[in-house]
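Single-structure report; data block below.
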Amino acid sequence: MNSAQTQAKSNEVDLEDQPRVHVGCGLCGSRRSRLVCSPEDVIAQQRFLEHFYRSRWSQQTAATATDRVSFTQDYATSIVACMDCGLLYRNPRPRAEAVTQAYETEDYDEAYLQAEFTAQQTWARGKADILARHLEKVGRRGRPRVLEIGSFVGGFLLEGQLRGWDMLGVDPGHDVASFCRRHRLPVFEGTLEEAQLPPASFDAVAIWNTFDQLPDPRKLLHQLLPLMRNGGLLVARVPNGACFEWGMSIRARLPKVFRRPLDIALACNNLLTFPYLYGYSAEQLEELTEPFGFRLLACYADQIVSSPPGHLRRWALWEEQVVKTLCRAFAVLWPDNRSLRFRSAPWLDCIFERACTDEERPAPQNLGLGVIPVYSPLVFKDTGLDCSVNR
Ligand SMILES: [Zn+2]
């Protein structure tokens with residue numbers, strides 16, 4: 001299951017046609033929210049996005065430009081922020097079952113999947129480096145077993161295999177799972193529940209581009225917990241809601257003529273129209289995962305994976321590189337570490353450690369109730385939270 005890109009085909013569930021429901025905050029349950037982006041603004045941003053990609057992509061085939069403007073979560077609705085905890089979310093939105101079904105019925109053609117696979121390989125190398133560093137920190141050596149939820153075209157599975165890791169991907173999408181099988185990558189086609197994996201068998205679980213799309217992330221955390229070994233790592237990559245909200249507040253104050261550079265920066269990072277269910281900050285992810293016994297070890301500011309090679313016009317490639325360099329420089333100059341919200345970072349990679357239990361066995365669902373979570377001694381000595389900029 002990919003974050004968003006999809007092609008509309010006849011057997012897909014189009015969320016635009018689904019009835020909408022008003023929901024409360026997915027983190028604290030509050031119903032008090034402030035408007036960050038109106039449905040009219042979302043429609044205007046969608047129009048800009050269409051022009052943006054059509055003018056920049058040199059190959060205007062179904063496998064390229066259209067995939068960057070057609071998102072699963074592209075229906076026009078309000079983007080709001082919770083007034084109690086700050087979580088950004090789409091509201092109203094289609095029912096959870098319709099959202100799940102939309103991802104399960106995504107169709108992709110081979111050329112698109114191959115282009116994304118090529119783009120993912122370079123990207124996945126940097127991500128595997130980060131995970132390798134943290135596996136070493138928590139004393140995991142040898143051949144770690146790593147699970148990826150939403151493995152999509154399998155770029156990270158391949159990179160893990162090249163390092164000698166024992167990899168397994170889980171993805172309910174038929175086309176992407178078939179693509180992985182054709183590339184001899186280990187994937188289970190279906191949900192985590194259907195996979196029925198053995199308890200305490202994984203050293204790390206990675207969710208690179210899926211967590212923000214889950215209507216009920218607590219259900220996934222509950223399923224994951226027993227599968228992880230003592231001190232296992234959880235990696236979640238999310239679009240930064242605080243960055244989008246900040247961008248919108250700056251945009252509202254700018255005269256129209258000066259809005260364009262900001263729109264380009266947001267478009268280059270797939271934040272325009274905010275095509276995700278939730279926009280977590282590192283702080284909010286920490287609050288969500290803590291009751292399950294996870295502790296935030298590190299947070300890395302990041303950006304979206306670059307466009308597939310050979311698809312951008314020469315000037316657009318240059319523009320993308322300038323935007324990414326400026327975003328990186330901005331994150332260094334203004335990391336906003338104190339609040340852990342990384343306001344200037346479009347994307348966040350968060351690394352968590354699962355608490356150790358007395359023995360290797362499934363942990364109780366809520367370690368906060370009478371059980372003191374214990375973390376690996378190596379990390380426990382490391383007093384400071386690693387808040388870094390990913391280069
Ligand atoms: Zn809230």
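Scheme for the structure tokens: letters A, B, ... for chains in order shown; per-chain residue numbers from 1; ligand numbers from 1 in order shown.
Selecting all polymer residues at most 7 Å from ligand 1, using only C-alpha atoms and all ligand atoms, gives Cys25, Gly26, Leu27, Cys28, Gly29, Ser30, Cys82, Met83, Asp84, Cys85, Gly86 and Leu87 of chain A.
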Residues of stretch 252-320 of chain A that have any atom at most 6 Å from an atom of stretch 236-240 of chain A: could you tabulate them with the shortest-distance atom pair and the distance in Å to one decimal, using only C-alpha atoms, ordered by chain and increasing number, as CSV?
```
residue,atom,partner,partner_atom,distance
A:Gly279,CA,A:Asn240,CA,5.4
A:Tyr280,CA,A:Asn240,CA,5.8
A:Ser281,CA,A:Asn240,CA,5.7
```
For C-alpha atoms, I'd like the residues from the last selection saved as a short mmCIF file (atom, residue, chain, number, x, y, z; two decimals), in the first residue's frame.
```cif
data_model
loop_
_atom_site.label_atom_id
_atom_site.label_comp_id
_atom_site.auth_asym_id
_atom_site.auth_seq_id
_atom_site.Cartn_x
_atom_site.Cartn_y
_atom_site.Cartn_z
CA GLY A 279 -0.65 14.72 9.91
CA TYR A 280 1.23 13.68 13.04
CA SER A 281 4.10 15.53 14.66
#
```
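Between atom CA of A:Arg34 and atom CA of A:Glu290 there is a distance of 25.9 Å.
Excluding A:Ala102 and any residue on its chain fewer than 2 positions from it, the residues at most 7 Å away by only C-alpha atoms are Glu12, Val13, Asp14, Leu15, Ala98, Val99, Thr100, Glu104, Thr105 and Glu106 of chain A.
Atom CA of A:Arg20 to atom CA of A:Arg95 spans 6.5 Å [interatomic distance, one decimal].
Distances from A:Leu224, A:Ala76, A:Met248, A:Leu297 to A:Tyr276 were compared using only C-alpha atoms, and the smallest one belongs to A:Ala76.
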Subject >> DSSP helix (DSSP H, G or I) residues within stretch 115-215 of chain A, as an MDAnalysis selection string >> reply: chainID A and resid 115:137 155:162 174:182 192:195 211:213
**OP:** Name the residues in contact with A:Ile207 at a cut-off of 8 Å, using only C-alpha atoms, excluding same-chain residues fewer than 4 positions from it; report them as a ChimeraX atom specification.
**Re:** /A:148-150,211,234-237
Check stretch 167-286 of chain A with DSSP on the backbone and list each residue it calls strand (DSSP E or B), as a PDB file with N, CA, C and O atoms, in the first residue's frame.
```pdb
ATOM      1  N   MET A 167      14.106 -10.243   5.490  1.00  0.00           N
ATOM      2  CA  MET A 167      13.019  -9.280   5.256  1.00  0.00           C
ATOM      3  C   MET A 167      11.675  -9.967   4.995  1.00  0.00           C
ATOM      4  O   MET A 167      11.621 -11.052   4.423  1.00  0.00           O
ATOM      5  N   LEU A 168      10.601  -9.278   5.377  1.00  0.00           N
ATOM      6  CA  LEU A 168       9.257  -9.695   4.974  1.00  0.00           C
ATOM      7  C   LEU A 168       8.397  -8.443   4.811  1.00  0.00           C
ATOM      8  O   LEU A 168       8.369  -7.573   5.689  1.00  0.00           O
ATOM      9  N   GLY A 169       7.712  -8.349   3.673  1.00  0.00           N
ATOM     10  CA  GLY A 169       6.782  -7.243   3.450  1.00  0.00           C
ATOM     11  C   GLY A 169       5.352  -7.737   3.558  1.00  0.00           C
ATOM     12  O   GLY A 169       5.070  -8.898   3.251  1.00  0.00           O
ATOM     13  N   VAL A 170       4.461  -6.860   4.003  1.00  0.00           N
ATOM     14  CA  VAL A 170       3.032  -7.181   4.034  1.00  0.00           C
ATOM     15  C   VAL A 170       2.309  -6.055   3.313  1.00  0.00           C
ATOM     16  O   VAL A 170       2.508  -4.877   3.640  1.00  0.00           O
ATOM     17  N   ASP A 171       1.509  -6.397   2.307  1.00  0.00           N
ATOM     18  CA  ASP A 171       0.773  -5.367   1.566  1.00  0.00           C
ATOM     19  C   ASP A 171      -0.505  -5.995   0.991  1.00  0.00           C
ATOM     20  O   ASP A 171      -0.433  -7.052   0.370  1.00  0.00           O
ATOM     21  N   VAL A 187       7.087 -11.158   0.086  1.00  0.00           N
ATOM     22  CA  VAL A 187       5.936 -10.334   0.470  1.00  0.00           C
ATOM     23  C   VAL A 187       4.733 -11.223   0.745  1.00  0.00           C
ATOM     24  O   VAL A 187       4.537 -12.256   0.088  1.00  0.00           O
ATOM     25  N   PHE A 188       3.944 -10.820   1.737  1.00  0.00           N
ATOM     26  CA  PHE A 188       2.665 -11.484   1.974  1.00  0.00           C
ATOM     27  C   PHE A 188       1.576 -10.560   1.457  1.00  0.00           C
ATOM     28  O   PHE A 188       1.505  -9.400   1.860  1.00  0.00           O
ATOM     29  N   GLU A 189       0.727 -11.086   0.565  1.00  0.00           N
ATOM     30  CA  GLU A 189      -0.365 -10.265   0.035  1.00  0.00           C
ATOM     31  C   GLU A 189      -1.574 -10.386   0.953  1.00  0.00           C
ATOM     32  O   GLU A 189      -2.185 -11.447   1.047  1.00  0.00           O
ATOM     33  N   PHE A 202      10.291 -10.454  15.269  1.00  0.00           N
ATOM     34  CA  PHE A 202      10.902  -9.375  14.481  1.00  0.00           C
ATOM     35  C   PHE A 202      11.743  -8.440  15.343  1.00  0.00           C
ATOM     36  O   PHE A 202      11.342  -8.044  16.432  1.00  0.00           O
ATOM     37  N   ASP A 203      12.916  -8.082  14.807  1.00  0.00           N
ATOM     38  CA  ASP A 203      13.792  -7.117  15.487  1.00  0.00           C
ATOM     39  C   ASP A 203      13.395  -5.684  15.153  1.00  0.00           C
ATOM     40  O   ASP A 203      13.712  -4.771  15.891  1.00  0.00           O
ATOM     41  N   ALA A 204      12.751  -5.509  14.017  1.00  0.00           N
ATOM     42  CA  ALA A 204      12.327  -4.159  13.625  1.00  0.00           C
ATOM     43  C   ALA A 204      11.110  -4.230  12.717  1.00  0.00           C
ATOM     44  O   ALA A 204      10.943  -5.185  11.963  1.00  0.00           O
ATOM     45  N   VAL A 205      10.264  -3.197  12.839  1.00  0.00           N
ATOM     46  CA  VAL A 205       9.109  -3.071  11.957  1.00  0.00           C
ATOM     47  C   VAL A 205       9.163  -1.679  11.337  1.00  0.00           C
ATOM     48  O   VAL A 205       9.320  -0.681  12.054  1.00  0.00           O
ATOM     49  N   ALA A 206       9.080  -1.611  10.021  1.00  0.00           N
ATOM     50  CA  ALA A 206       9.134  -0.315   9.332  1.00  0.00           C
ATOM     51  C   ALA A 206       7.797  -0.028   8.656  1.00  0.00           C
ATOM     52  O   ALA A 206       7.226  -0.899   8.002  1.00  0.00           O
ATOM     53  N   ILE A 207       7.301   1.176   8.860  1.00  0.00           N
ATOM     54  CA  ILE A 207       6.076   1.620   8.178  1.00  0.00           C
ATOM     55  C   ILE A 207       6.433   2.950   7.526  1.00  0.00           C
ATOM     56  O   ILE A 207       6.295   4.009   8.128  1.00  0.00           O
ATOM     57  N   MET A 228       6.889  -8.289  17.925  1.00  0.00           N
ATOM     58  CA  MET A 228       8.232  -7.714  18.067  1.00  0.00           C
ATOM     59  C   MET A 228       8.989  -8.312  19.237  1.00  0.00           C
ATOM     60  O   MET A 228       8.416  -8.617  20.275  1.00  0.00           O
ATOM     61  N   ARG A 229      10.298  -8.455  19.034  1.00  0.00           N
ATOM     62  CA  ARG A 229      11.144  -8.973  20.100  1.00  0.00           C
ATOM     63  C   ARG A 229      11.394  -7.891  21.145  1.00  0.00           C
ATOM     64  O   ARG A 229      11.196  -6.707  20.889  1.00  0.00           O
ATOM     65  N   ASN A 230      11.897  -8.308  22.296  1.00  0.00           N
ATOM     66  CA  ASN A 230      12.276  -7.357  23.339  1.00  0.00           C
ATOM     67  C   ASN A 230      13.190  -6.279  22.784  1.00  0.00           C
ATOM     68  O   ASN A 230      14.193  -6.589  22.146  1.00  0.00           O
ATOM     69  N   GLY A 231      12.863  -5.035  23.035  1.00  0.00           N
ATOM     70  CA  GLY A 231      13.713  -3.934  22.581  1.00  0.00           C
ATOM     71  C   GLY A 231      13.691  -3.741  21.072  1.00  0.00           C
ATOM     72  O   GLY A 231      14.550  -3.052  20.534  1.00  0.00           O
ATOM     73  N   GLY A 232      12.716  -4.334  20.400  1.00  0.00           N
ATOM     74  CA  GLY A 232      12.615  -4.184  18.938  1.00  0.00           C
ATOM     75  C   GLY A 232      12.324  -2.740  18.546  1.00  0.00           C
ATOM     76  O   GLY A 232      11.852  -1.939  19.349  1.00  0.00           O
ATOM     77  N   LEU A 233      12.617  -2.424  17.274  1.00  0.00           N
ATOM     78  CA  LEU A 233      12.458  -1.045  16.808  1.00  0.00           C
ATOM     79  C   LEU A 233      11.236  -0.901  15.910  1.00  0.00           C
ATOM     80  O   LEU A 233      10.933  -1.785  15.106  1.00  0.00           O
ATOM     81  N   LEU A 234      10.572   0.229  16.053  1.00  0.00           N
ATOM     82  CA  LEU A 234       9.461   0.577  15.164  1.00  0.00           C
ATOM     83  C   LEU A 234       9.838   1.875  14.457  1.00  0.00           C
ATOM     84  O   LEU A 234      10.197   2.858  15.103  1.00  0.00           O
ATOM     85  N   VAL A 235       9.773   1.863  13.128  1.00  0.00           N
ATOM     86  CA  VAL A 235      10.065   3.071  12.351  1.00  0.00           C
ATOM     87  C   VAL A 235       8.783   3.522  11.673  1.00  0.00           C
ATOM     88  O   VAL A 235       8.152   2.744  10.961  1.00  0.00           O
ATOM     89  N   ALA A 236       8.380   4.755  11.907  1.00  0.00           N
ATOM     90  CA  ALA A 236       7.185   5.278  11.238  1.00  0.00           C
ATOM     91  C   ALA A 236       7.546   6.580  10.532  1.00  0.00           C
ATOM     92  O   ALA A 236       8.135   7.480  11.133  1.00  0.00           O
ATOM     93  N   ARG A 237       7.205   6.626   9.253  1.00  0.00           N
ATOM     94  CA  ARG A 237       7.473   7.837   8.465  1.00  0.00           C
ATOM     95  C   ARG A 237       6.135   8.501   8.167  1.00  0.00           C
ATOM     96  O   ARG A 237       5.210   7.849   7.665  1.00  0.00           O
ATOM     97  N   VAL A 238       6.041   9.781   8.477  1.00  0.00           N
ATOM     98  CA  VAL A 238       4.748  10.466   8.321  1.00  0.00           C
ATOM     99  C   VAL A 238       4.914  11.855   7.696  1.00  0.00           C
ATOM    100  O   VAL A 238       5.933  12.510   7.888  1.00  0.00           O
ATOM    101  N   PRO A 239       3.882  12.307   6.959  1.00  0.00           N
ATOM    102  CA  PRO A 239       3.887  13.705   6.516  1.00  0.00           C
ATOM    103  C   PRO A 239       3.653  14.582   7.748  1.00  0.00           C
ATOM    104  O   PRO A 239       2.822  14.247   8.602  1.00  0.00           O
ATOM    105  N   TYR A 278      -4.133  11.690   8.370  1.00  0.00           N
ATOM    106  CA  TYR A 278      -3.606  12.383   9.554  1.00  0.00           C
ATOM    107  C   TYR A 278      -2.251  13.012   9.270  1.00  0.00           C
ATOM    108  O   TYR A 278      -1.465  12.476   8.485  1.00  0.00           O
ATOM    109  N   GLY A 279      -1.974  14.106   9.949  1.00  0.00           N
ATOM    110  CA  GLY A 279      -0.646  14.724   9.905  1.00  0.00           C
ATOM    111  C   GLY A 279      -0.093  14.779  11.314  1.00  0.00           C
ATOM    112  O   GLY A 279      -0.393  15.688  12.075  1.00  0.00           O
TER     113      GLY A 279
END
```
**OP:** Could you check how far atom CA of A:Cys350 sits from atom CA of A:Val153, in Å to one decimal?
**Re:** 21.7 Å
